[in-house]
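The data block below is model-v8.csv; it holds CSV, C-alpha atoms.
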chain,number,residue,atom,x,y,z
A,1,MET,CA,1.7,125.1,86.5
A,2,SER,CA,2.3,123.8,83.0
A,3,LYS,CA,3.4,120.2,82.4
A,4,ARG,CA,6.6,121.5,80.7
A,5,TYR,CA,7.9,123.1,83.8
A,6,ILE,CA,7.2,120.0,85.9
A,7,LEU,CA,9.0,117.8,83.3
A,8,LEU,CA,12.0,120.2,83.3
A,9,ALA,CA,12.2,120.2,87.1
A,10,ILE,CA,12.1,116.4,87.1
A,11,VAL,CA,14.8,116.1,84.5
A,12,LEU,CA,17.1,118.6,86.4
A,13,ILE,CA,16.6,116.9,89.7
A,14,GLY,CA,16.9,113.5,88.2
A,15,SER,CA,20.2,114.2,86.4
A,16,ALA,CA,21.6,115.9,89.5
A,17,PHE,CA,20.6,112.8,91.6
A,18,GLY,CA,22.2,110.7,89.0
A,19,LEU,CA,25.6,112.3,89.8
A,20,VAL,CA,25.1,111.4,93.5
A,21,VAL,CA,24.4,107.7,92.8
A,22,LEU,CA,27.1,107.3,90.1
A,23,PRO,CA,29.8,104.9,91.4
A,24,ASN,CA,33.0,106.6,92.4
A,25,LYS,CA,35.4,106.6,89.5
A,26,HIS,CA,38.9,105.5,90.2
A,27,ASP,CA,40.6,108.6,89.1
A,28,THR,CA,44.3,108.0,89.1
A,29,ASN,CA,45.2,111.3,87.4
A,30,GLN,CA,47.9,109.5,85.4
A,31,ILE,CA,48.8,109.9,81.8
A,32,PRO,CA,47.9,106.9,79.5
A,33,ALA,CA,50.4,104.1,79.5
A,34,GLU,CA,51.1,104.4,75.7
A,35,GLU,CA,52.0,108.1,76.1
A,36,PHE,CA,54.1,107.3,79.1
A,37,LEU,CA,56.0,104.6,77.2
A,38,ILE,CA,56.9,107.1,74.5
A,39,ASP,CA,58.1,109.5,77.2
A,40,ILE,CA,60.3,106.8,78.8
A,41,TYR,CA,61.9,106.0,75.5
A,42,ASN,CA,62.6,109.7,74.8
A,43,PRO,CA,66.3,110.2,75.4
A,44,ALA,CA,65.6,114.0,75.8
A,45,ARG,CA,64.7,113.3,79.4
A,46,PHE,CA,68.4,112.9,80.2
A,47,LEU,CA,70.7,115.9,80.6
A,48,SER,CA,74.4,115.4,80.6
A,49,THR,CA,76.5,116.6,83.5
A,50,HIS,CA,78.1,119.1,81.1
A,51,GLN,CA,74.7,120.6,80.2
A,52,VAL,CA,73.9,120.9,83.9
A,53,ALA,CA,77.3,122.4,84.7
A,54,LYS,CA,77.1,124.9,81.9
A,55,ARG,CA,73.7,126.1,83.0
A,56,LEU,CA,74.8,126.4,86.6
A,57,ILE,CA,77.9,128.4,85.6
A,58,GLU,CA,75.7,130.7,83.5
A,59,ARG,CA,73.4,131.1,86.5
A,60,ASP,CA,70.4,130.0,84.4
A,61,PRO,CA,67.3,130.7,86.6
A,62,SER,CA,65.3,128.1,84.7
A,63,ILE,CA,67.0,125.1,86.1
A,64,PHE,CA,66.1,123.5,89.5
A,65,LEU,CA,68.3,120.7,90.7
A,66,VAL,CA,66.7,118.1,93.0
A,67,ASP,CA,68.8,115.7,94.9
A,68,VAL,CA,66.8,112.6,95.6
A,69,ARG,CA,69.4,110.9,97.9
A,70,THR,CA,69.1,110.7,101.6
A,71,PRO,CA,69.7,113.8,103.8
A,72,SER,CA,72.9,112.4,105.2
A,73,GLU,CA,74.3,111.9,101.7
A,74,PHE,CA,73.1,115.3,100.7
A,75,GLU,CA,74.9,117.0,103.6
A,76,GLU,CA,78.1,115.1,102.8
A,77,TYR,CA,78.2,116.5,99.3
A,78,SER,CA,75.8,117.7,96.7
A,79,ILE,CA,75.9,119.8,93.6
A,80,PRO,CA,75.8,123.6,94.5
A,81,GLY,CA,72.3,125.0,94.5
A,82,ALA,CA,70.6,121.5,94.6
A,83,PHE,CA,67.5,121.0,96.7
A,84,ASN,CA,67.2,117.8,98.7
A,85,ILE,CA,63.9,115.8,98.4
A,86,PRO,CA,64.7,112.2,99.5
A,87,LEU,CA,63.1,109.6,97.3
A,88,GLU,CA,60.8,108.2,100.1
A,89,ASN,CA,59.3,111.7,100.7
A,90,LEU,CA,58.9,112.4,97.0
A,91,LEU,CA,55.2,112.1,96.8
A,92,GLU,CA,54.4,114.3,99.8
A,93,GLU,CA,52.1,117.2,99.1
A,94,GLU,CA,54.7,119.6,100.4
A,95,TRP,CA,57.0,119.0,97.4
A,96,ALA,CA,54.4,119.0,94.6
A,97,ASP,CA,55.0,122.6,93.7
A,98,TYR,CA,58.7,122.2,93.7
A,99,LEU,CA,58.6,119.3,91.3
A,100,SER,CA,56.2,120.7,88.8
A,101,GLN,CA,57.1,124.2,87.8
A,102,ASP,CA,56.1,126.1,84.7
A,103,GLY,CA,59.0,127.3,82.7
A,104,VAL,CA,61.6,125.7,85.0
A,105,ASP,CA,63.4,122.5,84.2
A,106,VAL,CA,63.5,120.3,87.2
A,107,VAL,CA,66.6,118.0,87.1
A,108,LEU,CA,66.6,115.0,89.3
A,109,PHE,CA,69.8,113.2,90.3
A,110,SER,CA,71.1,110.6,92.7
A,111,ASN,CA,74.4,108.8,93.0
A,112,GLY,CA,73.8,106.9,89.8
A,113,ASP,CA,70.9,106.7,87.5
A,114,ILE,CA,68.6,104.2,89.2
A,115,TYR,CA,67.1,106.2,92.1
A,116,ALA,CA,66.8,109.3,89.9
A,117,ASP,CA,65.0,107.2,87.2
A,118,GLN,CA,62.6,105.8,89.8
A,119,ALA,CA,61.9,109.4,91.0
A,120,TRP,CA,61.4,110.5,87.4
A,121,THR,CA,58.9,107.7,86.8
A,122,LEU,CA,56.9,108.5,89.9
A,123,ILE,CA,56.6,112.2,89.1
A,124,ALA,CA,56.3,112.0,85.3
A,125,GLN,CA,53.4,109.6,85.3
A,126,GLN,CA,51.3,112.3,86.9
A,127,GLY,CA,51.8,114.3,83.7
A,128,THR,CA,54.5,116.6,84.9
A,129,LYS,CA,56.4,118.4,82.2
A,130,ASN,CA,60.0,119.8,82.1
A,131,LEU,CA,61.3,116.9,84.1
A,132,TYR,CA,64.8,115.6,83.5
A,133,ILE,CA,67.4,113.3,84.9
A,134,MET,CA,71.1,114.2,85.2
A,135,LYS,CA,72.7,111.2,83.5
A,136,GLY,CA,75.1,109.4,85.7
A,137,GLY,CA,74.2,111.3,88.8
A,138,VAL,CA,76.8,112.5,91.3
A,139,ASN,CA,79.3,109.8,90.3
A,140,GLN,CA,79.3,111.0,86.7
A,141,TRP,CA,79.5,114.6,88.1
A,142,PHE,CA,82.7,113.7,89.9
A,143,SER,CA,84.3,111.9,87.0
A,144,THR,CA,83.5,114.7,84.5
A,145,ILE,CA,83.2,118.0,86.2
A,146,ILE,CA,85.0,117.8,89.5
A,147,GLN,CA,87.9,115.5,88.5
A,148,PRO,CA,87.9,115.4,84.7
A,149,VAL,CA,90.1,112.8,83.0
A,150,GLU,CA,92.2,113.9,80.1
A,151,PRO,CA,91.2,112.2,76.9
A,152,PRO,CA,93.9,110.0,75.1
A,153,GLU,CA,96.0,111.8,72.5
A,154,THR,CA,94.2,109.9,69.7
A,155,ALA,CA,90.8,111.2,70.8
A,156,PRO,CA,88.9,113.6,68.4
A,157,SER,CA,89.3,117.3,68.9
A,158,GLU,CA,85.7,117.5,70.3
A,159,ALA,CA,86.8,115.4,73.3
A,160,PHE,CA,89.6,118.0,73.9
A,161,ASP,CA,87.2,120.9,73.7
A,162,LEU,CA,85.0,119.1,76.2
A,163,TYR,CA,88.0,118.5,78.4
A,164,ALA,CA,88.8,122.2,78.3
A,165,PHE,CA,85.3,123.0,79.5
A,166,GLU,CA,85.5,120.3,82.2
A,167,LYS,CA,88.8,121.8,83.5
A,168,ALA,CA,87.2,125.2,83.6
A,169,ALA,CA,84.1,123.9,85.2
A,170,SER,CA,86.2,122.0,87.7
A,171,ILE,CA,87.8,125.3,88.9
A,172,TYR,CA,84.4,126.9,89.1
A,173,PHE,CA,82.9,124.1,91.2
A,174,GLY,CA,85.8,124.0,93.5
A,175,GLY,CA,87.2,120.7,92.2
A,176,SER,CA,90.8,119.7,91.6
A,177,SER,CA,91.3,122.4,88.9
A,178,ALA,CA,93.4,121.1,85.9
A,179,ASN,CA,95.7,119.1,88.0
A,180,VAL,CA,94.5,115.7,86.9
A,181,GLU,CA,97.5,113.8,88.3
A,182,SER,CA,96.8,114.6,91.9
A,183,ALA,CA,93.1,113.7,91.6
A,184,THR,CA,93.2,110.8,94.1
A,185,THR,CA,92.1,112.5,97.3
A,186,THR,CA,88.4,112.7,98.1
A,187,PRO,CA,86.7,115.6,96.5
A,188,THR,CA,84.7,116.7,99.6
A,189,LYS,CA,88.0,117.5,101.3
A,190,LYS,CA,89.2,119.5,98.3
A,191,THR,CA,86.3,121.9,98.5
A,192,VAL,CA,87.1,122.6,102.1
A,193,VAL,CA,90.8,123.2,101.2
A,194,VAL,CA,89.8,125.9,98.6
A,195,ARG,CA,87.7,127.8,101.1
A,196,LYS,CA,90.5,127.8,103.7
A,197,LYS,CA,92.9,129.3,101.1
A,198,LYS,CA,90.6,132.3,100.7
A,199,LYS,CA,90.6,133.1,104.4
A,200,LYS,CA,94.4,133.0,104.6
A,201,ALA,CA,94.7,135.6,101.8
A,202,ALA,CA,92.4,138.0,103.8
A,203,GLU,CA,94.5,137.6,106.9
A,204,GLY,CA,97.7,138.5,105.1
A,205,GLY,CA,96.3,141.9,104.2
A,206,CYS,CA,95.8,143.0,107.7
B,1,MET,CA,44.6,124.5,75.8
B,2,GLY,CA,41.0,124.2,76.6
B,3,PRO,CA,39.8,121.7,79.2
B,4,LEU,CA,38.0,119.7,76.6
B,5,THR,CA,40.3,116.7,76.4
B,6,TYR,CA,37.9,114.5,74.4
B,7,PHE,CA,38.9,116.2,71.1
B,8,GLY,CA,42.5,116.3,72.0
B,9,GLU,CA,44.2,119.7,72.5
B,10,ILE,CA,42.5,122.7,71.0
B,11,SER,CA,44.9,125.3,69.7
B,12,THR,CA,44.8,128.9,71.0
B,13,GLU,CA,43.6,130.2,67.6
B,14,TRP,CA,40.7,127.8,67.6
B,15,ASN,CA,39.9,128.8,71.2
B,16,TYR,CA,39.2,132.3,70.0
B,17,VAL,CA,37.1,131.1,67.1
B,18,ILE,CA,35.1,128.9,69.5
B,19,ALA,CA,34.8,131.8,71.9
B,20,ILE,CA,33.3,134.1,69.2
B,21,PHE,CA,30.6,131.5,68.4
B,22,ILE,CA,29.8,130.9,72.1
B,23,GLY,CA,29.6,134.7,72.5
B,24,MET,CA,27.2,135.0,69.6
B,25,ALA,CA,25.1,132.1,71.0
B,26,PHE,CA,25.1,133.8,74.4
B,27,GLY,CA,23.9,137.1,73.0
B,28,TYR,CA,21.3,135.4,70.9
B,29,ILE,CA,19.9,133.5,73.9
B,30,MET,CA,19.9,136.7,76.0
B,31,GLU,CA,18.0,138.6,73.3
B,32,ALA,CA,15.6,135.7,72.8
B,33,SER,CA,14.9,135.5,76.5
B,34,GLY,CA,13.9,139.2,76.4
B,35,PHE,CA,16.9,140.4,78.3
B,36,SER,CA,17.4,143.5,76.2
B,37,SER,CA,14.3,145.0,77.8
B,38,SER,CA,15.1,146.9,81.0
B,39,ARG,CA,11.4,146.5,82.1
B,40,LYS,CA,11.7,142.8,82.0
B,41,LEU,CA,15.0,142.8,83.9
B,42,ILE,CA,13.7,145.1,86.6
B,43,GLY,CA,10.6,142.8,87.0
B,44,VAL,CA,12.7,140.7,89.4
B,45,PHE,CA,12.9,143.5,91.9
B,46,TYR,CA,9.1,144.4,91.6
B,47,GLY,CA,7.9,140.8,91.4
B,48,TYR,CA,6.1,140.8,88.1
B,49,ASP,CA,8.7,139.0,86.0
B,50,PHE,CA,11.3,136.4,87.2
B,51,ALA,CA,12.7,135.5,83.8
B,52,VAL,CA,16.2,136.7,84.8
B,53,ILE,CA,16.4,134.5,87.9
B,54,ARG,CA,15.0,131.5,86.1
B,55,VAL,CA,17.2,131.8,83.0
B,56,PHE,CA,20.4,132.3,85.1
B,57,ILE,CA,19.6,129.5,87.6
B,58,THR,CA,18.7,127.1,84.8
B,59,ALA,CA,21.9,128.0,82.9
B,60,THR,CA,24.0,127.5,86.0
B,61,LEU,CA,22.3,124.2,86.8
B,62,VAL,CA,22.7,122.9,83.2
B,63,ALA,CA,26.4,124.0,83.2
B,64,ILE,CA,27.2,122.3,86.6
B,65,ILE,CA,25.4,119.1,85.7
B,66,GLY,CA,27.0,119.0,82.2
B,67,LEU,CA,30.5,119.7,83.6
B,68,LEU,CA,30.2,117.0,86.2
B,69,TYR,CA,29.0,114.4,83.8
B,70,MET,CA,31.7,115.4,81.2
B,71,GLY,CA,34.3,115.2,84.0
B,72,TYR,CA,33.0,111.8,85.0
B,73,PHE,CA,33.3,110.5,81.5
B,74,GLY,CA,36.8,112.0,81.2
B,75,TRP,CA,36.0,114.5,78.5
B,76,ILE,CA,37.0,117.4,80.7
B,77,ASP,CA,40.1,117.9,82.7
B,78,TYR,CA,39.1,119.6,86.0
B,79,SER,CA,42.6,120.5,86.8
B,80,VAL,CA,42.7,122.9,83.9
B,81,LEU,CA,39.6,124.8,84.9
B,82,PHE,CA,40.2,128.2,86.4
B,83,VAL,CA,38.4,128.9,89.7
B,84,HIS,CA,38.2,132.6,90.3
B,85,PRO,CA,39.5,133.6,93.7
B,86,THR,CA,36.8,134.7,96.2
B,87,PHE,CA,37.1,138.1,97.9
B,88,ILE,CA,34.1,137.8,100.1
B,89,PHE,CA,34.1,141.4,101.4
B,90,SER,CA,34.6,143.1,98.1
B,91,ALA,CA,32.2,140.7,96.4
B,92,THR,CA,29.4,141.5,98.9
B,93,ILE,CA,29.9,145.3,98.6
B,94,GLY,CA,30.3,145.0,94.8
B,95,GLY,CA,27.1,142.9,94.6
B,96,VAL,CA,25.1,145.5,96.5
B,97,ILE,CA,26.4,148.3,94.3
B,98,MET,CA,25.7,146.2,91.2
B,99,GLY,CA,22.2,145.5,92.4
B,100,PHE,CA,21.4,149.2,92.9
B,101,GLY,CA,22.9,149.9,89.5
B,102,PHE,CA,20.7,147.2,88.1
B,103,ILE,CA,17.5,148.7,89.6
B,104,ILE,CA,18.4,152.3,88.7
B,105,GLY,CA,19.9,151.7,85.3
B,106,GLY,CA,17.7,148.8,84.2
B,107,PHE,CA,20.5,146.7,82.8
B,108,CYS,CA,23.5,144.7,83.8
B,109,PRO,CA,26.6,145.1,81.8
B,110,GLY,CA,25.9,142.1,79.5
B,111,THR,CA,22.3,142.9,78.9
B,112,SER,CA,23.2,146.6,78.2
B,113,LEU,CA,25.4,145.4,75.3
B,114,CYS,CA,22.5,143.2,74.2
B,115,ALA,CA,20.2,146.2,74.1
B,116,LEU,CA,22.9,148.2,72.4
B,117,ALA,CA,23.1,145.6,69.7
B,118,ILE,CA,19.4,145.9,68.8
B,119,GLY,CA,19.7,149.7,68.8
B,120,LYS,CA,17.9,150.6,72.1
B,121,ILE,CA,18.7,154.2,73.1
B,122,ASP,CA,18.7,153.4,76.8
B,123,GLY,CA,21.1,150.6,76.0
B,124,TRP,CA,23.4,153.1,74.3
B,125,VAL,CA,23.2,155.5,77.2
B,126,PHE,CA,23.9,152.8,79.7
B,127,THR,CA,26.9,151.5,77.8
B,128,VAL,CA,28.4,155.0,77.5
B,129,ALA,CA,27.8,155.5,81.2
B,130,LEU,CA,29.4,152.1,81.9
B,131,PHE,CA,32.7,153.3,80.4
B,132,VAL,CA,32.5,156.6,82.2
B,133,GLY,CA,32.0,154.6,85.4
B,134,ILE,CA,35.0,152.3,84.6
B,135,PHE,CA,37.1,155.5,84.0
B,136,ILE,CA,36.1,157.0,87.3
B,137,TYR,CA,36.6,153.7,89.1
B,138,SER,CA,40.2,153.5,87.7
B,139,LEU,CA,40.9,157.0,89.0
B,140,VAL,CA,39.7,156.3,92.6
B,141,PHE,CA,41.1,152.7,92.6
B,142,PRO,CA,44.2,153.6,94.7
B,143,PHE,CA,42.0,154.9,97.5
B,144,ILE,CA,39.8,151.8,97.6
B,145,GLU,CA,42.5,149.2,96.9
B,146,PRO,CA,42.7,147.9,100.5
B,147,TYR,CA,38.9,147.2,100.5
B,148,TYR,CA,39.3,145.6,97.0
B,149,ASN,CA,41.6,142.9,98.4
B,150,MET,CA,39.7,142.3,101.6
B,151,GLY,CA,38.3,138.9,102.6
B,152,ASP,CA,40.5,136.8,100.3
B,153,MET,CA,39.5,133.2,100.5
B,154,GLY,CA,41.6,132.0,97.6
B,155,HIS,CA,40.5,129.7,94.8
B,156,ILE,CA,37.7,128.0,96.7
B,157,THR,CA,34.4,126.5,95.5
B,158,ILE,CA,31.2,126.3,97.6
B,159,SER,CA,31.4,122.5,97.8
B,160,GLU,CA,35.0,122.7,99.1
B,161,TYR,CA,34.0,125.4,101.6
B,162,LEU,CA,31.1,123.2,102.9
B,163,ASN,CA,33.2,120.1,102.7
B,164,ILE,CA,30.6,118.2,100.7
B,165,SER,CA,31.0,116.4,97.4
B,166,ASN,CA,30.3,118.2,94.1
B,167,ALA,CA,27.5,115.7,93.3
B,168,TRP,CA,25.6,116.3,96.6
B,169,PHE,CA,26.0,120.1,96.2
B,170,THR,CA,24.6,119.9,92.7
B,171,PHE,CA,21.7,117.8,94.0
B,172,TRP,CA,20.8,120.2,96.7
B,173,PHE,CA,21.3,123.1,94.3
B,174,ALA,CA,18.8,121.5,91.9
B,175,LEU,CA,16.2,121.1,94.7
B,176,ILE,CA,16.6,124.7,95.9
B,177,SER,CA,16.4,125.9,92.3
B,178,VAL,CA,13.1,124.1,91.7
B,179,ALA,CA,11.9,125.5,95.0
B,180,ILE,CA,12.9,129.0,93.7
B,181,PHE,CA,11.1,128.4,90.4
B,182,TYR,CA,7.9,127.5,92.3
B,183,VAL,CA,8.1,130.3,94.8
B,184,THR,CA,8.7,132.9,92.1
B,185,SER,CA,5.7,131.6,90.1
B,186,VAL,CA,3.5,132.0,93.3
B,187,ILE,CA,4.8,135.5,93.9
B,188,ARG,CA,4.2,136.4,90.3
B,189,LYS,CA,0.6,135.3,90.4
B,190,LYS,CA,0.0,137.5,93.5
B,191,VAL,CA,1.6,140.6,92.2
B,192,LYS,CA,-0.5,142.8,89.9
B,193,GLU,CA,0.4,142.1,86.3
B,194,VAL,CA,2.4,144.7,84.5
B,195,ARG,CA,2.0,145.1,80.8
B,196,TYR,CA,5.1,146.2,78.9

Encoded form using structure tokens:
Amino acid sequence: MSKRYILLAIVLIGSAFGLVVLPNKHDTNQIPAEEFLIDIYNPARFLSTHQVAKRLIERDPSIFLVDVRTPSEFEEYSIPGAFNIPLENLLEEEWADYLSQDGVDVVLFSNGDIYADQAWTLIAQQGTKNLYIMKGGVNQWFSTIIQPVEPPETAPSEAFDLYAFEKAASIYFGGSSANVESATTTPTKKTVVVRKKKKKAAEGGC
Amino acid sequence: MGPLTYFGEISTEWNYVIAIFIGMAFGYIMEASGFSSSRKLIGVFYGYDFAVIRVFITATLVAIIGLLYMGYFGWIDYSVLFVHPTFIFSATIGGVIMGFGFIIGGFCPGTSLCALAIGKIDGWVFTVALFVGIFIYSLVFPFIEPYYNMGDMGHITISEYLNISNAWFTFWFALISVAIFYVTSVIRKKVKEVRY
């Protein structure tokens, strides 16, 4: 056997053995800190409640709402179509496919911004794209979509356009409709009231 | 786009350009290894020439070792690599059919194109027959479709299946490869030499 073949065999086995003895690299699978900082400062990661509401009304299939609050809070009230993944279970393998979807915008929300932002940080540093936060969370959702407040008369016309949308969205999502004055009762009760009305109408026809 | 993260992201257009150059290099190496001769290719089955096995095993080994080292140094993103799904039943049947086709025809699809490129008549005939075969296959496909999807094991690699690390698998593969190189050289010496 020629020396060349022996040398080649030694090189191949040696380099393969080199892989075995290499120390384990600590592979965090995270995006570099500099890139992540840019992502965090990018305001485009926030969606307003209006943007979310508009896309839900249009039945946009490319939006996936994730409620990161606890299951009890989720059962009490959540935005229609939202999926509940509590913050403490966020990194479980089960949810990985839900939170990272090609061509689907995953929108996280909690009661305010803090928990949603923590969830965003946890997922986004794994390099997940199309990840957003609904700015203001459920609280903002109530104060804009479910019980919109009429802007003062001196407000610019855009504010009134927005208010018109809010009123319409409020009806769509089963809120207090345009009746701002009576918006003092809890909104969860309101949704139940609307459903009851429907049933009554059906009974009358019999 | 490509898994080579070291150079940043490579655009789709450049991917095609790079693919063309890799393809040209592949064709050149095949021709330089003598793979455009059906007598050389068939030598594996009769035991007088093991260049095919040697070239392909060496190529596989170099590719595995290169990939693992590049992955270790962070030049390649493993998660972007596409692992073909394994259909163990159809792969076995297809392998047997392909083997017989190899012995009878004297080429595999890639080498037939290589022979075609240098103007070999048997290469031309093989390539035409290849497309006739593809056409017939597409006609009978509805009948054999259930067998086509049998034995689905998903996107699995051998090291995942055996539950060993990639590095150990590569090491054993290197040892086995060298053993194969040695055994084939012994067989070749024993078999009567064929001049072609």

Check: which chain B residues lie within 8 Å of chain A using only C-alpha atoms, as a JSON list (two decimals) with C-alpha atoms, keeping the file's coordinate frame:
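Written output follows (iface-v2.json):
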[["chain", "number", "residue", "atom", "x", "y", "z"],
["B", 61, "LEU", "CA", 22.30, 124.20, 86.80],
["B", 62, "VAL", "CA", 22.70, 122.90, 83.20],
["B", 65, "ILE", "CA", 25.40, 119.10, 85.70],
["B", 68, "LEU", "CA", 30.20, 117.00, 86.20],
["B", 69, "TYR", "CA", 29.00, 114.40, 83.80],
["B", 72, "TYR", "CA", 33.00, 111.80, 85.00],
["B", 167, "ALA", "CA", 27.50, 115.70, 93.30],
["B", 168, "TRP", "CA", 25.60, 116.30, 96.60],
["B", 170, "THR", "CA", 24.60, 119.90, 92.70],
["B", 171, "PHE", "CA", 21.70, 117.80, 94.00],
["B", 174, "ALA", "CA", 18.80, 121.50, 91.90],
["B", 175, "LEU", "CA", 16.20, 121.10, 94.70],
["B", 178, "VAL", "CA", 13.10, 124.10, 91.70]]

Inset, instruction - Rank B:Trp14, B:Phe107, B:Phe45, B:Phe141 by their smallest atom-to-atom distance to Thr127 (chain B), using all atoms listed in the file, and report the top residue only. - result: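 So, comparing all the options, the nearest one is B:Phe107.
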
Spatial neighbours of Ile57 (chain B), max dist 10 Å, only C-alpha atoms, sep filter under 5 positions, as a PDB file with C-alpha atoms, in the coordinates of the input:
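What follows is the written file around33.pdb:
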ATOM      1  CA  ALA B  51      12.700 135.500  83.800  1.00  0.00           C
ATOM      2  CA  VAL B  52      16.200 136.700  84.800  1.00  0.00           C
ATOM      3  CA  VAL B  62      22.700 122.900  83.200  1.00  0.00           C
ATOM      4  CA  ALA B  63      26.400 124.000  83.200  1.00  0.00           C
ATOM      5  CA  PHE B 173      21.300 123.100  94.300  1.00  0.00           C
ATOM      6  CA  ALA B 174      18.800 121.500  91.900  1.00  0.00           C
ATOM      7  CA  SER B 177      16.400 125.900  92.300  1.00  0.00           C
ATOM      8  CA  VAL B 178      13.100 124.100  91.700  1.00  0.00           C
ATOM      9  CA  ILE B 180      12.900 129.000  93.700  1.00  0.00           C
ATOM     10  CA  PHE B 181      11.100 128.400  90.400  1.00  0.00           C
TER      11      PHE B 181
END

Inset, instruction - May I ask for the distance between CA of Tyr77 (chain A) and CA of Ile171 (chain A), given in Å to one decimal place? - result: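 CA of Ile171 (chain A) lies at a distance of 16.7 Å from CA of Tyr77 (chain A).
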
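Closest approach to Lys40 (chain B) among B:Val132, B:Ile164, B:Phe102, B:Val17: B:Phe102, based on all atoms listed in the file.
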
Which residues, written as a PDB file with C-alpha atoms, in the coordinates of the input, have at least one atom at most 10 Å from region 161-164 of chain A, with all atoms listed in the file counted and residues fewer than 5 positions away on the same chain left out?
ATOM      1  CA  HIS A  50      78.100 119.100  81.100  1.00  0.00           C
ATOM      2  CA  THR A 144      83.500 114.700  84.500  1.00  0.00           C
ATOM      3  CA  ILE A 145      83.200 118.000  86.200  1.00  0.00           C
ATOM      4  CA  PRO A 148      87.900 115.400  84.700  1.00  0.00           C
ATOM      5  CA  VAL A 149      90.100 112.800  83.000  1.00  0.00           C
ATOM      6  CA  GLU A 150      92.200 113.900  80.100  1.00  0.00           C
ATOM      7  CA  PRO A 151      91.200 112.200  76.900  1.00  0.00           C
ATOM      8  CA  PRO A 156      88.900 113.600  68.400  1.00  0.00           C
ATOM      9  CA  ALA A 169      84.100 123.900  85.200  1.00  0.00           C
ATOM     10  CA  SER A 170      86.200 122.000  87.700  1.00  0.00           C
ATOM     11  CA  ALA A 178      93.400 121.100  85.900  1.00  0.00           C
TER      12      ALA A 178
END

Legend entry - Interatomic distance, CA of Ile29 (chain B) to CA of Arg195 (chain B) (Å, one decimal):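 Rounded to one decimal, the two atoms are 22.4 Å apart.
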
Inset, instruction - Write out as number ranges by chain which residues come within 10 Å of Ser37 (chain B) when counting only C-alpha atoms, dropping same-chain ones fewer than 2 positions away. - result: B: 31, 33-35, 39-42, 106-107, 111-112, 114-115, 120, 122-123, 196

May I have the selected residues written with C-alpha atoms, as an mmCIF file, in the frame of the given file?
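Below is the file that was written, part18.cif:
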data_model
loop_
_atom_site.group_PDB
_atom_site.id
_atom_site.type_symbol
_atom_site.label_atom_id
_atom_site.label_comp_id
_atom_site.auth_asym_id
_atom_site.auth_seq_id
_atom_site.Cartn_x
_atom_site.Cartn_y
_atom_site.Cartn_z
ATOM 1 C CA GLU B 31 18.000 138.600 73.300
ATOM 2 C CA SER B 33 14.900 135.500 76.500
ATOM 3 C CA GLY B 34 13.900 139.200 76.400
ATOM 4 C CA PHE B 35 16.900 140.400 78.300
ATOM 5 C CA ARG B 39 11.400 146.500 82.100
ATOM 6 C CA LYS B 40 11.700 142.800 82.000
ATOM 7 C CA LEU B 41 15.000 142.800 83.900
ATOM 8 C CA ILE B 42 13.700 145.100 86.600
ATOM 9 C CA GLY B 106 17.700 148.800 84.200
ATOM 10 C CA PHE B 107 20.500 146.700 82.800
ATOM 11 C CA THR B 111 22.300 142.900 78.900
ATOM 12 C CA SER B 112 23.200 146.600 78.200
ATOM 13 C CA CYS B 114 22.500 143.200 74.200
ATOM 14 C CA ALA B 115 20.200 146.200 74.100
ATOM 15 C CA LYS B 120 17.900 150.600 72.100
ATOM 16 C CA ASP B 122 18.700 153.400 76.800
ATOM 17 C CA GLY B 123 21.100 150.600 76.000
ATOM 18 C CA TYR B 196 5.100 146.200 78.900
#

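Proximity to Val191 (chain B) was assessed for B:Val44, B:Ile118, B:Ile134, B:Ala59 counting only C-alpha atoms; the smallest distance is recorded for B:Val44.
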
Legend entry - Å distance separating CA of Gly101 (chain B) from CA of Phe21 (chain B), one decimal place: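 That distance, rounded to one decimal, is 29.0 Å.
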
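Only residues having an atom at most 10 Å from (37.3, 140.0, 103.8) are included; using all atoms listed in the file, these are Thr86, Phe87, Ile88, Phe89, Ser90, Ala91, Thr92, Tyr147, Tyr148, Asn149, Met150, Gly151, Asp152 and Met153 of chain B.
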
Legend entry - Val194 (chain B) environment, 10 Å, all atoms listed in the file, sequence neighbours closer than 6 positions dropped, as an MDAnalysis selection string: chainID B and resid 39:40 43 46:49

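With distances taken over all atoms listed in the file, A:Ala124 is the one residue among A:Ala124, A:Ala53, A:Leu90, A:Val106 lying closest to Glu35 (chain A).
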
Legend entry - Using only C-alpha atoms: which of A:Tyr172, A:Phe109, A:Phe160, A:Phe36 has the shortest distance to Ser78 (chain A): A:Phe109

Inset, instruction - Would you list the residues near (62.4, 110.2, 76.8), meaning any protein, DNA or RNA residue with an atom at most 12 Å from that point in file coordinates, counting all atoms listed in the file, as a ChimeraX atom specification? - result: /A:35-47,117,120-121,124,129-133

Residues as selected, C-alpha atoms, written as a compact mmCIF listing (two decimals), keeping the file's coordinate frame, can you do that?
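What landed in again_28.txt:
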# COMPACT_ATOMS: atom_id res chain seq x y z
CA GLU A 35 52.00 108.10 76.10
CA PHE A 36 54.10 107.30 79.10
CA LEU A 37 56.00 104.60 77.20
CA ILE A 38 56.90 107.10 74.50
CA ASP A 39 58.10 109.50 77.20
CA ILE A 40 60.30 106.80 78.80
CA TYR A 41 61.90 106.00 75.50
CA ASN A 42 62.60 109.70 74.80
CA PRO A 43 66.30 110.20 75.40
CA ALA A 44 65.60 114.00 75.80
CA ARG A 45 64.70 113.30 79.40
CA PHE A 46 68.40 112.90 80.20
CA LEU A 47 70.70 115.90 80.60
CA ASP A 117 65.00 107.20 87.20
CA TRP A 120 61.40 110.50 87.40
CA THR A 121 58.90 107.70 86.80
CA ALA A 124 56.30 112.00 85.30
CA LYS A 129 56.40 118.40 82.20
CA ASN A 130 60.00 119.80 82.10
CA LEU A 131 61.30 116.90 84.10
CA TYR A 132 64.80 115.60 83.50
CA ILE A 133 67.40 113.30 84.90
